[in-house]
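Printed here is run09.cif (mmCIF, C-alpha atoms and all ligand atoms):
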data_entry
#
loop_
_atom_site.group_PDB
_atom_site.id
_atom_site.type_symbol
_atom_site.label_atom_id
_atom_site.label_comp_id
_atom_site.auth_asym_id
_atom_site.auth_seq_id
_atom_site.Cartn_x
_atom_site.Cartn_y
_atom_site.Cartn_z
ATOM 1 C CA MET G 1 -34.979 26.128 1.952
ATOM 2 C CA ASP G 2 -33.006 29.329 2.613
ATOM 3 C CA ASP G 3 -29.411 29.890 1.467
ATOM 4 C CA PHE G 4 -27.912 28.922 4.790
ATOM 5 C CA ALA G 5 -29.871 25.678 4.995
ATOM 6 C CA GLU G 6 -28.920 24.867 1.420
ATOM 7 C CA GLN G 7 -25.243 25.520 2.129
ATOM 8 C CA ARG G 8 -25.457 23.340 5.223
ATOM 9 C CA GLN G 9 -26.966 20.520 3.123
ATOM 10 C CA ASP G 10 -24.161 20.887 0.543
ATOM 11 C CA GLN G 11 -21.537 20.656 3.285
ATOM 12 C CA ARG G 12 -23.166 17.510 4.652
ATOM 13 C CA ALA G 13 -23.264 15.953 1.188
ATOM 14 C CA VAL G 14 -19.577 16.697 0.588
ATOM 15 C CA GLN G 15 -18.530 15.417 4.017
ATOM 16 C CA TYR G 16 -20.534 12.255 3.456
ATOM 17 C CA ALA G 17 -19.047 11.740 -0.019
ATOM 18 C CA VAL G 18 -15.425 12.403 0.954
ATOM 19 C CA CYS G 19 -15.514 10.239 4.092
ATOM 20 C CA THR G 20 -17.354 7.382 2.370
ATOM 21 C CA TYR G 21 -14.863 7.484 -0.468
ATOM 22 C CA ALA G 22 -11.976 7.344 2.012
ATOM 23 C CA LEU G 23 -13.502 4.320 3.767
ATOM 24 C CA GLU G 24 -14.231 2.427 0.570
ATOM 25 C CA HIS G 25 -10.741 2.940 -0.756
ATOM 26 C CA ASP G 26 -8.866 2.149 2.444
ATOM 27 C CA ARG G 27 -7.299 5.541 2.549
ATOM 28 C CA VAL G 28 -7.866 5.485 6.288
ATOM 29 C CA THR G 29 -6.134 2.795 8.283
ATOM 30 C CA ASP G 30 -6.129 4.311 11.728
ATOM 31 C CA GLY G 31 -9.225 6.099 12.957
ATOM 32 C CA ALA G 32 -11.622 4.646 10.386
ATOM 33 C CA GLU G 33 -14.311 4.666 13.073
ATOM 34 C CA GLY G 34 -14.085 8.479 13.350
ATOM 35 C CA ILE G 35 -14.448 8.822 9.594
ATOM 36 C CA PHE G 36 -17.394 6.404 9.593
ATOM 37 C CA ASP G 37 -19.154 8.418 12.302
ATOM 38 C CA GLN G 38 -18.624 11.606 10.368
ATOM 39 C CA ALA G 39 -19.951 10.053 7.160
ATOM 40 C CA VAL G 40 -23.010 8.447 8.746
ATOM 41 C CA THR G 41 -23.934 11.512 10.830
ATOM 42 C CA ASN G 42 -23.700 13.865 7.857
ATOM 43 C CA GLY G 43 -25.458 11.445 5.502
ATOM 44 C CA LEU G 44 -28.383 10.790 7.847
ATOM 45 C CA ALA G 45 -28.690 14.484 8.788
ATOM 46 C CA ALA G 46 -28.936 15.434 5.091
ATOM 47 C CA ILE G 47 -31.583 12.760 4.456
ATOM 48 C CA VAL G 48 -33.695 13.663 7.503
ATOM 49 C CA ALA G 49 -33.419 17.423 6.797
ATOM 50 C CA HIS G 50 -34.557 16.806 3.206
ATOM 51 C CA ALA G 51 -37.448 14.490 4.110
ATOM 52 C CA TRP G 52 -38.694 16.165 7.301
ATOM 53 C CA ALA G 53 -37.170 19.652 7.562
ATOM 54 C CA GLY G 54 -36.237 20.513 11.136
ATOM 55 C CA ALA G 55 -36.415 16.918 12.420
ATOM 56 C CA GLU G 56 -32.612 16.653 12.123
ATOM 57 C CA MET G 57 -32.272 19.104 15.013
ATOM 58 C CA THR G 58 -32.953 18.852 18.703
ATOM 59 C CA GLY G 59 -32.906 22.335 20.155
ATOM 60 C CA SER G 60 -29.917 24.046 18.572
ATOM 61 C CA ARG G 61 -27.839 20.950 17.908
ATOM 62 C CA VAL G 62 -27.904 18.388 15.141
ATOM 63 C CA ARG G 63 -29.055 14.986 16.379
ATOM 64 C CA SER G 64 -26.538 12.179 16.782
ATOM 65 C CA ALA G 65 -26.470 9.355 14.255
ATOM 66 C CA ARG G 66 -28.390 7.108 16.683
ATOM 67 C CA GLU G 67 -31.097 9.737 17.172
ATOM 68 C CA LEU G 68 -31.332 10.340 13.418
ATOM 69 C CA LEU G 69 -31.950 6.608 12.953
ATOM 70 C CA ASP G 70 -34.752 6.867 15.556
ATOM 71 C CA VAL G 71 -36.365 9.651 13.505
ATOM 72 C CA ILE G 72 -36.082 7.583 10.326
ATOM 73 C CA GLU G 73 -37.677 4.586 12.064
ATOM 74 C CA GLN G 74 -40.532 6.689 13.402
ATOM 75 C CA ARG G 75 -41.256 8.558 10.184
ATOM 76 C CA GLY G 76 -40.135 6.318 7.336
ATOM 77 C CA LYS G 77 -41.885 3.279 5.875
ATOM 78 C CA ALA G 78 -40.927 0.086 7.697
ATOM 79 C CA GLU G 79 -40.013 -2.959 5.636
ATOM 80 C CA ARG G 80 -38.972 -6.438 6.660
ATOM 81 C CA GLY G 81 -35.857 -6.917 8.767
ATOM 82 C CA GLY G 82 -35.860 -3.428 10.250
ATOM 83 C CA ILE G 83 -35.166 -1.827 6.883
ATOM 84 C CA VAL G 84 -36.806 1.578 6.404
ATOM 85 C CA ARG G 85 -37.678 3.371 3.179
ATOM 86 C CA VAL G 86 -37.340 7.153 3.183
ATOM 87 C CA PRO G 87 -39.489 8.615 0.365
ATOM 88 C CA HIS G 88 -37.807 11.191 -1.897
ATOM 89 C CA ASP G 89 -41.147 12.801 -2.613
ATOM 90 C CA PRO G 90 -43.942 12.099 -0.093
ATOM 91 C CA ASP G 91 -46.622 12.960 -2.684
ATOM 92 C CA GLY G 92 -45.057 10.969 -5.500
ATOM 93 C CA PRO G 93 -45.376 7.264 -6.352
ATOM 94 C CA GLU G 94 -43.130 4.744 -4.625
ATOM 95 C CA PHE G 95 -41.642 3.633 -7.953
ATOM 96 C CA GLU G 96 -41.150 5.800 -11.002
ATOM 97 C CA GLU G 97 -40.922 4.959 -14.673
ATOM 98 C CA ALA G 98 -37.575 6.101 -15.998
ATOM 99 C CA PRO G 99 -36.993 6.585 -19.741
ATOM 100 C CA PHE G 100 -33.816 4.518 -19.977
ATOM 101 C CA ALA G 101 -34.433 1.921 -17.301
ATOM 102 C CA ASP G 102 -36.059 -1.448 -17.924
ATOM 103 C CA GLU G 103 -37.792 -1.428 -14.575
ATOM 104 C CA PRO G 104 -39.371 1.393 -12.592
ATOM 105 C CA LEU G 105 -36.860 3.042 -10.251
ATOM 106 C CA PRO G 106 -37.461 3.331 -6.516
ATOM 107 C CA ASN G 107 -38.475 6.792 -5.444
ATOM 108 C CA PHE G 108 -37.061 6.172 -1.977
ATOM 109 C CA THR G 109 -33.775 5.463 -0.240
ATOM 110 C CA THR G 110 -33.282 2.221 1.669
ATOM 111 C CA VAL G 111 -31.880 2.738 5.144
ATOM 112 C CA ARG G 112 -30.604 -0.470 6.737
ATOM 113 C CA VAL G 113 -31.259 0.659 10.279
ATOM 114 C CA PRO G 114 -30.041 -2.493 12.118
ATOM 115 C CA VAL G 115 -26.786 -2.615 10.121
ATOM 116 C CA LEU G 116 -26.089 1.077 10.714
ATOM 117 C CA ARG G 117 -26.891 0.750 14.421
ATOM 118 C CA ASP G 118 -24.517 -2.173 14.620
ATOM 119 C CA ALA G 119 -21.822 -0.114 12.862
ATOM 120 C CA ILE G 120 -22.284 2.784 15.288
ATOM 121 C CA ASN G 121 -22.009 0.355 18.224
ATOM 122 C CA ALA G 122 -18.804 -1.007 16.704
ATOM 123 C CA THR G 123 -17.260 2.460 16.354
ATOM 124 C CA GLN G 124 -18.119 3.173 20.002
ATOM 125 C CA ALA G 125 -16.552 -0.103 21.134
ATOM 126 C CA ILE G 126 -13.379 0.615 19.139
ATOM 127 C CA ARG G 127 -13.111 4.034 20.748
ATOM 128 C CA HIS G 128 -13.635 2.800 24.282
ATOM 129 C CA ALA G 129 -11.019 0.131 23.784
ATOM 130 C CA ARG G 130 -8.563 2.647 22.369
ATOM 131 C CA VAL G 131 -9.068 4.970 25.307
ATOM 132 C CA ASP G 132 -8.432 2.062 27.699
ATOM 133 C CA GLY G 133 -5.366 1.021 25.740
ATOM 134 C CA HIS G 134 -6.980 -2.229 24.531
ATOM 135 C CA THR G 135 -7.738 -3.523 21.087
ATOM 136 C CA SER G 136 -11.411 -4.103 20.491
ATOM 137 C CA ALA G 137 -12.773 -7.202 18.785
ATOM 138 C CA ALA G 138 -15.320 -4.924 17.106
ATOM 139 C CA THR G 139 -14.554 -3.948 13.535
ATOM 140 C CA LEU G 140 -16.201 -2.064 10.749
ATOM 141 C CA SER G 141 -17.244 -4.632 8.176
ATOM 142 C CA ASP G 142 -17.840 -4.379 4.446
ATOM 143 C CA GLU G 143 -21.547 -4.742 5.205
ATOM 144 C CA HIS G 144 -21.404 -1.623 7.391
ATOM 145 C CA VAL G 145 -19.655 0.387 4.698
ATOM 146 C CA ALA G 146 -22.083 -0.940 2.043
ATOM 147 C CA ALA G 147 -25.084 0.228 4.116
ATOM 148 C CA LEU G 148 -23.427 3.628 4.451
ATOM 149 C CA ARG G 149 -22.809 3.757 0.698
ATOM 150 C CA GLU G 150 -26.429 2.838 -0.050
ATOM 151 C CA LEU G 151 -27.539 6.170 1.412
ATOM 152 C CA ASP G 152 -26.074 7.932 -1.628
ATOM 153 C CA TYR G 153 -29.192 7.005 -3.628
ATOM 154 C CA HIS G 154 -30.901 9.864 -1.819
ATOM 155 C CA PRO G 155 -31.088 13.104 -3.885
ATOM 156 C CA ALA G 156 -29.574 15.115 -1.008
ATOM 157 C CA LEU G 157 -26.402 13.019 -1.224
ATOM 158 C CA PHE G 158 -24.002 11.884 -3.895
ATOM 159 C CA ALA G 159 -21.146 9.454 -4.189
ATOM 160 C CA LEU G 160 -17.750 10.287 -5.500
ATOM 161 C CA GLY G 161 -16.276 7.946 -8.027
ATOM 162 C CA GLY G 162 -12.592 7.329 -7.438
ATOM 163 C CA GLU G 163 -11.442 8.814 -10.709
ATOM 164 C CA ALA G 164 -13.704 11.826 -10.451
ATOM 165 C CA ILE G 165 -12.480 12.795 -7.016
ATOM 166 C CA GLU G 166 -8.823 12.282 -7.870
ATOM 167 C CA ARG G 167 -9.190 14.193 -11.111
ATOM 168 C CA SER G 168 -10.891 17.137 -9.497
ATOM 169 C CA ARG G 169 -8.358 17.192 -6.667
ATOM 170 C CA MET G 170 -5.511 17.097 -9.155
ATOM 171 C CA SER G 171 -6.908 19.930 -11.207
ATOM 172 C CA VAL G 172 -7.482 22.016 -8.070
ATOM 173 C CA ARG G 173 -3.876 21.362 -7.064
ATOM 174 C CA ASP G 174 -2.549 22.067 -10.564
ATOM 175 C CA ARG G 175 -4.388 25.366 -10.741
ATOM 176 C CA ASP G 176 -3.040 26.350 -7.329
ATOM 177 C CA ILE G 177 0.527 25.463 -8.331
ATOM 178 C CA ALA G 178 0.161 27.622 -11.456
ATOM 179 C CA GLU G 179 -1.184 30.496 -9.338
ATOM 180 C CA GLN G 180 1.692 30.138 -6.855
ATOM 181 C CA GLN G 181 4.206 30.218 -9.698
ATOM 182 C CA ARG G 182 2.592 33.315 -11.164
ATOM 183 C CA ALA G 183 2.680 35.137 -7.803
ATOM 184 C CA ALA G 184 6.284 34.066 -7.135
ATOM 185 C CA ALA G 185 7.357 35.404 -10.555
ATOM 186 C CA TYR G 186 5.625 38.717 -9.846
ATOM 187 C CA TYR G 187 7.230 38.922 -6.412
ATOM 188 C CA HIS G 188 10.677 38.488 -7.953
ATOM 189 C CA GLU G 189 9.990 41.255 -10.460
ATOM 190 C CA LEU G 190 9.654 43.767 -7.624
ATOM 191 C CA ASP G 191 12.879 45.563 -6.725
ATOM 192 C CA ALA G 192 14.422 44.990 -3.304
ATOM 193 C CA ASP G 193 13.223 48.327 -1.891
ATOM 194 C CA GLU G 194 9.645 47.676 -2.877
ATOM 195 C CA ARG G 195 9.741 44.183 -1.386
ATOM 196 C CA ALA G 196 11.163 45.581 1.864
ATOM 197 C CA ARG G 197 8.541 48.325 1.954
ATOM 198 C CA ARG G 198 5.708 45.807 1.582
ATOM 199 C CA GLN G 199 7.184 43.406 4.123
ATOM 200 C CA ALA G 200 7.476 46.176 6.727
ATOM 201 C CA ILE G 201 3.741 46.864 6.756
ATOM 202 C CA ASP G 202 1.763 45.431 9.674
ATOM 203 C CA TYR G 203 -1.159 43.929 7.755
ATOM 204 C CA ARG G 204 -2.738 42.480 10.868
ATOM 205 C CA ALA G 205 -3.014 45.892 12.492
ATOM 206 C CA GLU G 206 -4.623 47.250 9.351
ATOM 207 C CA HIS G 207 -6.966 44.451 8.401
ATOM 208 C CA GLU G 208 -7.591 42.010 11.225
ATOM 209 C CA TRP G 209 -10.842 42.364 13.137
ATOM 210 C CA GLU G 210 -13.648 40.248 14.460
ATOM 211 C CA GLY G 211 -17.379 41.000 14.524
ATOM 212 C CA VAL G 212 -20.315 39.020 15.857
ATOM 213 C CA ASP G 213 -20.614 36.690 12.908
ATOM 214 C CA CYS G 214 -17.917 37.824 10.528
ATOM 215 C CA ARG G 215 -14.188 38.280 10.762
ATOM 216 C CA THR G 216 -11.168 39.185 8.694
ATOM 217 C CA ALA G 217 -7.977 37.275 9.348
ATOM 218 C CA VAL G 218 -4.467 37.909 8.073
ATOM 219 C CA GLN G 219 -2.726 34.606 7.430
ATOM 220 C CA ARG G 220 0.747 33.552 6.377
ATOM 221 C CA CYS G 221 1.183 33.409 2.605
ATOM 222 C CA PRO G 222 2.458 30.073 1.244
ATOM 223 C CA VAL G 223 4.340 31.863 -1.572
ATOM 224 C CA CYS G 224 6.245 34.771 0.003
ATOM 225 C CA GLY G 225 5.993 33.709 3.659
ATOM 226 C CA ASN G 226 4.684 37.073 4.842
ATOM 227 C CA ARG G 227 1.693 37.351 7.117
ATOM 228 C CA ALA G 228 -0.200 39.284 4.484
ATOM 229 C CA LEU G 229 -2.927 37.023 3.111
ATOM 230 C CA VAL G 230 -6.111 38.895 3.927
ATOM 231 C CA ALA G 231 -9.096 36.563 4.214
ATOM 232 C CA ARG G 232 -12.705 37.533 4.757
ATOM 233 C CA THR G 233 -14.169 34.112 4.056
ATOM 234 C CA PHE G 234 -12.944 30.659 4.989
ATOM 235 C CA ASP G 235 -13.157 27.063 3.839
ATOM 236 C CA ALA G 236 -16.472 25.287 4.408
ATOM 237 C CA PHE G 237 -15.053 22.401 6.456
ATOM 238 C CA ALA G 238 -12.580 23.541 9.073
ATOM 239 C CA GLU G 239 -13.599 27.222 8.638
ATOM 240 C CA GLU G 240 -9.967 28.151 9.109
ATOM 241 C CA ILE G 241 -8.232 28.159 5.749
ATOM 242 C CA GLY G 242 -8.567 31.720 4.493
ATOM 243 C CA ILE G 243 -9.831 32.601 1.033
ATOM 244 C CA GLY G 244 -8.212 35.819 -0.169
ATOM 245 C CA THR G 245 -5.225 37.630 -1.598
ATOM 246 C CA CYS G 246 -1.718 38.244 -0.304
ATOM 247 C CA LEU G 247 -1.021 41.977 -0.283
ATOM 248 C CA VAL G 248 2.739 41.435 -0.655
ATOM 249 C CA CYS G 249 3.055 39.003 -3.576
ATOM 250 C CA SER G 250 -0.520 38.963 -4.999
ATOM 251 C CA TYR G 251 -1.060 35.201 -4.496
ATOM 252 C CA ARG G 252 -4.768 34.468 -4.443
ATOM 253 C CA ARG G 253 -6.144 31.440 -2.586
ATOM 254 C CA THR G 254 -9.454 30.433 -4.110
ATOM 255 C CA ARG G 255 -12.434 28.800 -2.418
ATOM 256 C CA GLU G 256 -11.765 25.452 -4.106
ATOM 257 C CA VAL G 257 -8.167 25.390 -2.846
ATOM 258 C CA ALA G 258 -9.227 26.406 0.667
ATOM 259 C CA ASP G 259 -11.956 23.727 0.677
ATOM 260 C CA GLU G 260 -9.489 21.104 -0.490
ATOM 261 C CA CYS G 261 -7.097 21.990 2.381
ATOM 262 C CA GLY G 262 -10.053 22.233 4.767
ATOM 263 C CA VAL G 263 -11.298 18.723 3.952
ATOM 264 C CA GLU G 264 -7.849 17.281 4.634
ATOM 265 C CA LEU G 265 -7.614 19.196 7.904
ATOM 266 C CA ASP G 266 -11.099 18.082 8.891
ATOM 267 C CA ILE G 267 -10.357 14.412 8.215
ATOM 268 C CA GLU G 268 -7.086 14.622 10.149
ATOM 269 C CA ARG G 269 -8.939 16.151 13.083
ATOM 270 C CA ALA G 270 -11.721 13.567 12.941
ATOM 271 C CA ILE G 271 -9.036 10.921 13.253
ATOM 272 C CA GLU G 272 -7.367 12.744 16.147
ATOM 273 C CA ARG G 273 -10.684 13.223 17.932
ATOM 274 C CA ALA G 274 -11.573 9.597 17.429
ATOM 275 C CA MET G 275 -8.284 8.604 19.030
ATOM 276 C CA GLU G 276 -8.647 10.988 21.942
ATOM 277 C CA ARG G 277 -12.364 10.863 22.589
ATOM 278 C CA ASP G 278 -13.510 9.395 25.822
ATOM 279 C CA ASP G 279 -17.200 8.716 25.432
HETATM 280 ZN ZN ZN T 301 2.488 36.408 -0.555
#
Could you render the structure from this file as structure tokens?
Ligand SMILES: [Zn+2]
Amino acid sequence: MDDFAEQRQDQRAVQYAVCTYALEHDRVTDGAEGIFDQAVTNGLAAIVAHAWAGAEMTGSRVRSARELLDVIEQRGKAERGGIVRVPHDPDGPEFEEAPFADEPLPNFTTVRVPVLRDAINATQAIRHARVDGHTSAATLSDEHVAALRELDYHPALFALGGEAIERSRMSVRDRDIAEQQRAAAYYHELDADERARRQAIDYRAEHEWEGVDCRTAVQRCPVCGNRALVARTFDAFAEEIGIGTCLVCSYRRTREVADECGVELDIERAIERAMERDD
């Protein structure tokens, strides 16, 4: 797998984990169907790409969740009740002895195809009703969310425990607050003339440009308020939150902070899209 493919798999795993966590913990009240779609599409795409590289795509686009389930049905090992096993290692045994487990562990992920199909149908029905101004009788059930969660047994995916995600988010936020305080203190140390000199510079004219597949953007700094945060890379989710340094006050936005903001933005948009979509 090349770097880009690996990065794409990581993004899918994170999207799956964050959205599944949000669904399990009722952090989403409105637009849960949009979050479910995002979780199931990313989860299934990661599994299919890992098991049968390239089968997650059709032409240049990633297959829809329904199509990914078709691939899994065609290529996985069918069990009773429409359940399909996706092997983690096609050459390995179906069950593996594990040193600390009493019983051999499955070397496959169970995909409850009928339950997931039913969930996808429910999200579609909820959307259609919303567009028409009705309330749909269809709902996402605990069984749907459980089938989604079961996908995390696959090595390409992972689940986020509640405490772990909150802790890591808190520490990201704490570190950013400390960095903002440091930059603000530095900014206040500058004398008024120096501040004015820096503020008068047109950073966009100097730094902003766009190439075929790379760009530099100059964004507004959350510390000093100047449009002076020069970003050459962006968050992995919305690809909008700049990672870089403010040339006026020295505030530095790290990748982890940008990703944290990007995830929030992405979830908000998924909800908005779900509410607006007419499909
Ligand atoms: Zn600044």
Handout entry: Surroundings of ligand ZN 301 (chain T) up to 7 Å, based on only C-alpha atoms and all ligand atoms, as a ChimeraX atom specification
Key = /G:221-226,228-229,246-251
Give one line per residue of segment 40-77 of chain G that approaches segment 120-142 of chain G to at most 12 Å, naming the two atoms of the closest pair and their distance in Å to one decimal, counting all atoms listed in the file; sort by chain then ascending residue number and deliver it as JSON lines.
{"residue": "G:Val40", "atom": "CA", "partner": "G:Ile120", "partner_atom": "CA", "distance": 8.7}
{"residue": "G:Thr41", "atom": "CA", "partner": "G:Ile120", "partner_atom": "CA", "distance": 9.9}
{"residue": "G:Ser64", "atom": "CA", "partner": "G:Ile120", "partner_atom": "CA", "distance": 10.4}
{"residue": "G:Ala65", "atom": "CA", "partner": "G:Ile120", "partner_atom": "CA", "distance": 7.9}
{"residue": "G:Arg66", "atom": "CA", "partner": "G:Ile120", "partner_atom": "CA", "distance": 7.6}
{"residue": "G:Glu67", "atom": "CA", "partner": "G:Ile120", "partner_atom": "CA", "distance": 11.4}
{"residue": "G:Leu68", "atom": "CA", "partner": "G:Ile120", "partner_atom": "CA", "distance": 11.9}
{"residue": "G:Leu69", "atom": "CA", "partner": "G:Ile120", "partner_atom": "CA", "distance": 10.7}
Practice task
Please provide the set of residues having any atom within 8 Å of Gly82 of chain G, restricted to all atoms listed in the file, with same-chain residues fewer than 2 positions apart removed, written as a list in words.
Solution key: Ala78, Glu79, Arg80, Val84, Arg112, Val113 and Pro114 of chain G
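Using all atoms listed in the file for every distance, the candidate list G:Leu157, G:Ile243, G:Ala17, G:Leu23 yields G:Leu157 as the residue closest to Ala46 of chain G.
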Handout entry: Pick from G:Pro99, G:Gly43, G:Gly211, G:Gly92, whichever lies nearest to Arg63 of chain G using all atoms listed in the file
Key = G:Gly43
Exercise for the section: Given the file shown, enumerate the residues that the PyMOL selection byres (((chain G and resi 148) around 12) and not hetatm) captures and present them as number ranges by chain. Expected result: G: 16-17, 19-21, 23-24, 35-44, 65, 109-120, 140-147, 149-154, 157-159
Exercise for the section: Excluding Leu105 of chain G and any residue of its chain fewer than 2 positions from it, enumerate the residues within 12 Å of it, using all atoms listed in the file, and give them as a PyMOL selection string. Expected result: chain G and resi 88+93-103+107-109+153
Please save C-alpha atoms of the selected residues as a short mmCIF file (atom, residue, chain, number, x, y, z; two decimals), in the frame of the given file.
data_model
loop_
_atom_site.label_atom_id
_atom_site.label_comp_id
_atom_site.auth_asym_id
_atom_site.auth_seq_id
_atom_site.Cartn_x
_atom_site.Cartn_y
_atom_site.Cartn_z
CA HIS G 88 -37.81 11.19 -1.90
CA PRO G 93 -45.38 7.26 -6.35
CA GLU G 94 -43.13 4.74 -4.62
CA PHE G 95 -41.64 3.63 -7.95
CA GLU G 96 -41.15 5.80 -11.00
CA GLU G 97 -40.92 4.96 -14.67
CA ALA G 98 -37.58 6.10 -16.00
CA PRO G 99 -36.99 6.58 -19.74
CA PHE G 100 -33.82 4.52 -19.98
CA ALA G 101 -34.43 1.92 -17.30
CA ASP G 102 -36.06 -1.45 -17.92
CA GLU G 103 -37.79 -1.43 -14.58
CA ASN G 107 -38.48 6.79 -5.44
CA PHE G 108 -37.06 6.17 -1.98
CA THR G 109 -33.78 5.46 -0.24
CA TYR G 153 -29.19 7.00 -3.63
#
Please, what is the axis-aligned box for every listed atom of segment 214-227 of chain G with 4 Å on each side, as centre and edge lengths in Å to one decimal, as JSON?
{"center_x": -5.8, "center_y": 34.6, "center_z": 4.6, "size_x": 32.2, "size_y": 17.1, "size_z": 20.3}
Exercise for the section: Please measure the separation of atom CA of Thr216 of chain G and atom CA of Thr233 of chain G, giving the value in Å to one decimal. Expected result: 7.5 Å
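Going from atom CA of Arg227 of chain G to atom CA of Gln199 of chain G covers 8.7 Å.
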How would segment 230-241 of chain G look with N, CA and C atoms restored, written as a short mmCIF file (atom, residue, chain, number, x, y, z; two decimals), in the frame of the given file?
data_model
loop_
_atom_site.label_atom_id
_atom_site.label_comp_id
_atom_site.auth_asym_id
_atom_site.auth_seq_id
_atom_site.Cartn_x
_atom_site.Cartn_y
_atom_site.Cartn_z
N VAL G 230 -4.92 38.36 3.27
CA VAL G 230 -6.11 38.90 3.93
C VAL G 230 -7.33 38.08 3.51
N ALA G 231 -7.96 37.45 4.51
CA ALA G 231 -9.10 36.56 4.21
C ALA G 231 -10.35 37.03 4.93
N ARG G 232 -11.41 37.15 4.17
CA ARG G 232 -12.70 37.53 4.76
C ARG G 232 -13.66 36.36 4.80
N THR G 233 -13.37 35.34 4.00
CA THR G 233 -14.17 34.11 4.06
C THR G 233 -13.21 32.94 4.22
N PHE G 234 -13.77 31.81 4.63
CA PHE G 234 -12.94 30.66 4.99
C PHE G 234 -13.51 29.38 4.39
N ASP G 235 -12.71 28.33 4.42
CA ASP G 235 -13.16 27.06 3.84
C ASP G 235 -14.41 26.56 4.56
N ALA G 236 -15.18 25.73 3.88
CA ALA G 236 -16.47 25.29 4.41
C ALA G 236 -16.36 24.18 5.45
N PHE G 237 -15.18 23.58 5.59
CA PHE G 237 -15.05 22.40 6.46
C PHE G 237 -14.47 22.74 7.81
N ALA G 238 -13.22 23.20 7.81
CA ALA G 238 -12.58 23.54 9.07
C ALA G 238 -12.88 25.00 9.44
N GLU G 239 -13.35 25.78 8.47
CA GLU G 239 -13.60 27.22 8.64
C GLU G 239 -12.38 27.95 9.17
N GLU G 240 -11.22 27.57 8.65
CA GLU G 240 -9.97 28.15 9.11
C GLU G 240 -9.07 28.59 7.98
N ILE G 241 -9.12 27.86 6.86
CA ILE G 241 -8.23 28.16 5.75
C ILE G 241 -8.81 29.37 5.01
#
